[in-house]
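Have a look at the structure below, then the notes.
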Amino acid sequence: MAPCEWADERGDQVRKKWRPGLDKTWTAFRGYLERRSTSGRLFDTGGARARRFAPRRSHRNTQDSRQREYPLVLPEDDLALDPTYPAQSFRSWLKEPDRNEVGPTRSVVYVARPPSVSQSVHFMRSWSGSDAHRPSIQHIIDYIKAFYHGLPVRTLPEQLSFTTWDEGSKTSTAQASKAATPRYVGINTSSESIRLRTRACPDKLYPRQLNSDDLLDAAQSVLPEDAYALILLVEHDLWEGPGDTFICGRAYGASRIAVVSMARYDPALDARQGVERVHAWPASHCAAYIQHQCANSSDAGTVAKKKRKTSKAPAAEPALAAQGSPLHAAVAAFKENSADETDVGLWLSRVCRTAVHELGHCFGLDHCVYLACAMQGTASIREDARQPPYLCPVDLAKLLRATGQTDGGRARTDALLQFCRSQQQGSSLFAAFAAWLEAGR
């Protein structure tokens, strides 16, 4: 692969050069954005309510169109597969009937630690891989506190635990423990035991998977009365329905519960999953990388044929990220810190990004199609690595409104900066995010 050259934040020049098959999709998507004014596109309110919660930027940043970071859409990414997914404006979010308001008696975000594994199901420890380099749960909680600054974030006092599930059969506990592939296991709460379905992992990355719907039932059963939302962290691989190979997270937004698996984010699995660390966000904005991904897509042959017919000479190289822009600062910090990246830091950053995404659904935020955003949908573990950690102005306005912050997000930015600086020594993503936050002030 050719040396990295950083593409413009918009990415449209790169798409037109390397992905003719996406021209129609991208042109329609960009046209949808450009048909609106900046204020109309970002908030869709026509009033002062959204502006009250809008992030405050300098005059230079507000006026410079280069600060608008469009999503990077590669072949087989979520937006490429579903370009007509409906947008959720600030106004539509505000009027969403199933959205839960934060109130004085329901304001705490709870984080449930991974369930412990009892001796009766000791074989489940082999289902979650090695504990080496696994991120600190406290660090995940601290990141959630910073991201959702303004709300109390607490550890769920109750410790859940996995156990056997008999279901009325005559099978003894000893016999069940010897069969390391039971169809069901149980999860114990302080008041009941809930059945969890298990199955063999389709791609054999792990021996067994747990069903996310059953885990969410367990989360619902332990939701405290003062909870606005609860997120359950698990170390095991998950699936939801028959068509899934795996899922990394799932939320029942209206029920205010979410579950996130750490399993697939283990850096030791990157090679087997085709995840390129060197081109994770923000280094995904690399012209050579984009060319390589498009050339190796499932319909690369068709694309190459079109290129031979329509192009006799290479097109001009895409513009570099604008000097002084948040993305340019993030790329520089990523490159500077990549040599010091640790597996612990990499694993932590990945789990943190998904945890706040799933909690976002509990706040009523839908998948974002406006700009580059942490609330974008993800179609693969490879796309997941390319997603940014920040919220676009649309979803940031929603979050500030939900958490009651009226300072334009300055206190939240300070909290995120403090966390990112504390972890940037071993994490390129947190170093890049800190630089992005600084440049956008």
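Each chain of the structure tokens is named A, B, ... in the order shown, its residues numbered from 1; ligands are numbered from 1 in display order.
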
* If we count only C-alpha atoms, what is near range 234-243 of chain A at a cut-off of 7 Å, once residues fewer than 5 positions away on the same chain are taken out, given as number ranges by chain? -> A: 114-115, 127-128, 209-213, 248, 260-264

Quick one: which range 198-291 of chain A residues come within 10 Å of range 369-381 of chain A, and what is the nearest atom pair for each with the distance in Å to one decimal, counting only C-alpha atoms, rows ordered by chain and ascending number, as CSV?
```
residue,atom,partner,partner_atom,distance
A:Phe246,CA,A:Ser380,CA,9.8
A:Ile247,CA,A:Ile381,CA,9.2
A:Cys248,CA,A:Ile381,CA,8.5
A:Arg264,CA,A:Ile381,CA,7.8
A:Tyr265,CA,A:Ile381,CA,8.3
A:Asp270,CA,A:Ile381,CA,9.3
A:Gln273,CA,A:Ile381,CA,7.4
A:Gly274,CA,A:Ile381,CA,8.4
A:Val275,CA,A:Ile381,CA,7.2
```

Could you dump the residues just selected with N, CA and C atoms as an mmCIF file, in the first residue's frame?
```cif
data_model
loop_
_atom_site.group_PDB
_atom_site.id
_atom_site.type_symbol
_atom_site.label_atom_id
_atom_site.label_comp_id
_atom_site.auth_asym_id
_atom_site.auth_seq_id
_atom_site.Cartn_x
_atom_site.Cartn_y
_atom_site.Cartn_z
ATOM 1 N N PHE A 246 -22.380 -12.037 14.925
ATOM 2 C CA PHE A 246 -22.134 -11.523 16.268
ATOM 3 C C PHE A 246 -22.686 -10.109 16.327
ATOM 4 N N ILE A 247 -22.818 -9.577 17.524
ATOM 5 C CA ILE A 247 -23.050 -8.148 17.718
ATOM 6 C C ILE A 247 -22.139 -7.686 18.851
ATOM 7 N N CYS A 248 -21.766 -6.400 18.816
ATOM 8 C CA CYS A 248 -20.929 -5.841 19.880
ATOM 9 C C CYS A 248 -21.747 -5.107 20.930
ATOM 10 N N ARG A 264 -15.111 -8.828 20.940
ATOM 11 C CA ARG A 264 -14.595 -8.623 19.588
ATOM 12 C C ARG A 264 -13.561 -7.513 19.504
ATOM 13 N N TYR A 265 -13.450 -6.717 20.540
ATOM 14 C CA TYR A 265 -12.512 -5.586 20.512
ATOM 15 C C TYR A 265 -11.120 -5.958 20.993
ATOM 16 N N ASP A 270 -7.362 -8.799 15.871
ATOM 17 C CA ASP A 270 -7.414 -7.864 14.746
ATOM 18 C C ASP A 270 -7.082 -8.517 13.409
ATOM 19 N N GLN A 273 -9.841 -10.650 12.097
ATOM 20 C CA GLN A 273 -11.056 -9.912 11.734
ATOM 21 C C GLN A 273 -10.818 -8.862 10.649
ATOM 22 N N GLY A 274 -9.576 -8.745 10.195
ATOM 23 C CA GLY A 274 -9.269 -7.795 9.136
ATOM 24 C C GLY A 274 -9.293 -6.344 9.578
ATOM 25 N N VAL A 275 -9.025 -6.111 10.861
ATOM 26 C CA VAL A 275 -9.019 -4.750 11.385
ATOM 27 C C VAL A 275 -7.611 -4.174 11.265
#
```

Counting only C-alpha atoms, what are the residues of range 167-256 of chain A within 9 Å of range 358-366 of chain A, and for each of them which pair of atoms is the nearest and at what distance in Å, to one decimal? Sort the table by chain and rising number, as a Markdown table.
```
| residue | atom | partner | partner_atom | distance |
| --- | --- | --- | --- | --- |
| A:Tyr228 | CA | A:Cys362 | CA | 8.4 |
| A:Ala229 | CA | A:Cys362 | CA | 6.5 |
| A:Leu230 | CA | A:Leu359 | CA | 8.0 |
| A:Ile231 | CA | A:Leu359 | CA | 7.0 |
| A:Gly249 | CA | A:Glu358 | CA | 6.6 |
| A:Arg250 | CA | A:Glu358 | CA | 6.4 |
| A:Ala251 | CA | A:Glu358 | CA | 5.6 |
| A:Tyr252 | CA | A:Cys362 | CA | 6.8 |
| A:Gly253 | CA | A:Cys362 | CA | 3.9 |
| A:Ala254 | CA | A:Cys362 | CA | 6.5 |
| A:Ser255 | CA | A:Cys362 | CA | 7.5 |
| A:Arg256 | CA | A:Cys362 | CA | 4.8 |
```

Produce a file of the selected residues containing N, CA and C atoms, as a PDB file, in the first residue's frame.
```
ATOM      1  N   TYR A 228     -31.765   6.500  35.180  1.00  0.00           N
ATOM      2  CA  TYR A 228     -32.198   6.953  33.868  1.00  0.00           C
ATOM      3  C   TYR A 228     -31.890   5.858  32.850  1.00  0.00           C
ATOM      4  N   ALA A 229     -30.722   5.236  32.989  1.00  0.00           N
ATOM      5  CA  ALA A 229     -30.329   4.168  32.070  1.00  0.00           C
ATOM      6  C   ALA A 229     -29.366   3.240  32.783  1.00  0.00           C
ATOM      7  N   LEU A 230     -29.255   2.032  32.234  1.00  0.00           N
ATOM      8  CA  LEU A 230     -28.299   1.041  32.758  1.00  0.00           C
ATOM      9  C   LEU A 230     -27.626   0.364  31.587  1.00  0.00           C
ATOM     10  N   ILE A 231     -26.319   0.254  31.644  1.00  0.00           N
ATOM     11  CA  ILE A 231     -25.561  -0.466  30.630  1.00  0.00           C
ATOM     12  C   ILE A 231     -24.844  -1.635  31.288  1.00  0.00           C
ATOM     13  N   GLY A 249     -22.946  -4.682  20.563  1.00  0.00           N
ATOM     14  CA  GLY A 249     -23.772  -3.957  21.511  1.00  0.00           C
ATOM     15  C   GLY A 249     -25.200  -3.881  21.044  1.00  0.00           C
ATOM     16  N   ARG A 250     -26.094  -3.680  22.002  1.00  0.00           N
ATOM     17  CA  ARG A 250     -27.515  -3.563  21.687  1.00  0.00           C
ATOM     18  C   ARG A 250     -28.160  -2.740  22.782  1.00  0.00           C
ATOM     19  N   ALA A 251     -29.127  -1.910  22.408  1.00  0.00           N
ATOM     20  CA  ALA A 251     -29.845  -1.095  23.382  1.00  0.00           C
ATOM     21  C   ALA A 251     -31.337  -1.175  23.129  1.00  0.00           C
ATOM     22  N   TYR A 252     -32.117  -1.235  24.198  1.00  0.00           N
ATOM     23  CA  TYR A 252     -33.550  -1.010  24.142  1.00  0.00           C
ATOM     24  C   TYR A 252     -33.752   0.402  24.661  1.00  0.00           C
ATOM     25  N   GLY A 253     -33.732   1.365  23.733  1.00  0.00           N
ATOM     26  CA  GLY A 253     -33.724   2.763  24.132  1.00  0.00           C
ATOM     27  C   GLY A 253     -34.887   3.161  24.999  1.00  0.00           C
ATOM     28  N   ALA A 254     -36.106   2.775  24.608  1.00  0.00           N
ATOM     29  CA  ALA A 254     -37.286   3.155  25.368  1.00  0.00           C
ATOM     30  C   ALA A 254     -37.299   2.522  26.752  1.00  0.00           C
ATOM     31  N   SER A 255     -36.648   1.369  26.889  1.00  0.00           N
ATOM     32  CA  SER A 255     -36.574   0.691  28.192  1.00  0.00           C
ATOM     33  C   SER A 255     -35.367   1.122  29.012  1.00  0.00           C
ATOM     34  N   ARG A 256     -34.472   1.941  28.397  1.00  0.00           N
ATOM     35  CA  ARG A 256     -33.332   2.549  29.086  1.00  0.00           C
ATOM     36  C   ARG A 256     -32.285   1.523  29.517  1.00  0.00           C
TER      37      ARG A 256
END
```

* To do: Find the residues near Gln423 in chain A: any atom within 12 Å, counting only C-alpha atoms, skip ones fewer than 5 places away on the same chain, and give them as a VMD selection string.
  => chain A and resid 135 to 136 139 to 140 142 to 143 337 340 to 342 344 to 349 352 416 to 418 428 to 434

* **Pairwise distance for CA of Thr105 in chain A and CA of Pro389 in chain A, rounded to one decimal in Å** => 29.9 Å
